[in-house]
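Step one of this worksheet: look at the structure below.
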Amino acid sequence: MNPELLTPEALQPVLDELQALEPIFHSAYFDATPEKFERYVASQFWEVGASGNRYSRAFAFKVLSERQASPDVATWRTSDWHLAEAGPDNYLLTYTLFQPGRVTRRLSVWRRAGGAWQVIYHQGTVVQEPAN
């Protein structure tokens, strides 16, 4: 990995927390429930998919619900996790997602308010092959 993209040591505990929450966007999250979606996904959430289309919170919930029944999500893997502070209690989380036949770079914007995490934005960008 590019040394310039290493997460600062002081942010490592935050990265660990968010890495545990992030799978809600791309896999059959082991304990995903509508209640957890409500808790972790902000009401103003939106995303830009790998297609370039903009999607609403309601659409994201529908897709995540459908993915729970998909057996191939178990083969998805991630790497190159990085966290940067974007402002007080706001963080940019990036990583690479490997799916059968597709590699995407992912970015989520997470906010911590009152000790609770909420994601406010997510984006996926297709790449031809993983870069180091």
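For the structure tokens, the naming scheme is as follows: chains receive sequential letters (A, B, ...) according to their order of presentation, residues are indexed from 1 within each chain, and ligands are indexed from 1 in presentation order.
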Could you name the residues that touch Thr75 (chain A) at 9 Å or less, counting only C-alpha atoms, but leaving out those on the same chain fewer than 6 positions away, as a ChimeraX atom specification? /A:98-100
Just asking: which residues within region 30-132 of chain A are alpha helix (DSSP H) according to DSSP, as a ChimeraX atom specification? /A:34-40,57-67
Name the residues in contact with region 49-55 of chain A at a cut-off of 7 Å, using only C-alpha atoms, excluding same-chain residues fewer than 2 positions from it; report them as an MDAnalysis selection string. chainID A and resid 46:47 57 59:60 123:126
Non-local contacts of Thr78 (chain A) (8 Å; only C-alpha atoms; under 5 positions in same chain excluded) as a count of residues only: 4
May I ask for the distance between CA of Arg112 (chain A) and CA of Pro34 (chain A), given in Å to one decimal place?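 So the two atoms, CA of Arg112 (chain A) and CA of Pro34 (chain A), lie 20.0 Å apart.
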Could you go through chain A and tell me which residues DSSP, when run on the backbone, assigns to strand (DSSP E or B), listing them as a PyMOL selection string? chain A and resi 41-48+54-56+77-87+90-99+102-113+116-127
Report, in Å to a single decimal, how far apart CA of Pro13 (chain A) and CA of Trp81 (chain A) are.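 Computing the Euclidean distance for CA of Trp81 (chain A) and CA of Pro13 (chain A) yields 12.9 Å.
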Nearest to Gly114 (chain A), chosen from A:Arg102, A:Ser43, A:Ser65, A:Asp89, with only C-alpha atoms counted in the distances: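 Closest to Gly114 (chain A) of all the choices is A:Asp89.
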Can you work out the spacing between CA of Leu83 (chain A) and CA of Ala116 (chain A) in Å, to one decimal?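 Between these atoms lies a distance of 17.5 Å.
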Who sits within 12 Å of Gly87 (chain A), only C-alpha atoms, same chain under 5 positions skipped, as a list of chain:residue names: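 The neighbour list is A:Leu92, A:Val109, A:Trp110, A:Arg111, A:Arg112.
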A:Val14, A:Tyr40, A:Ala58, A:Glu66 ranked by distance to Asn90 (chain A), top pick (using only C-alpha atoms):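 Distance minimum relative to Asn90 (chain A) lands on A:Val14.
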May I ask which of the residues A:Ala84, A:Val119, A:Val127, A:Ala20 is the closest one to Thr104 (chain A), counting only C-alpha atoms?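 Between A:Ala84, A:Val119, A:Val127, A:Ala20, the residue approaching Thr104 (chain A) most closely is A:Val127.
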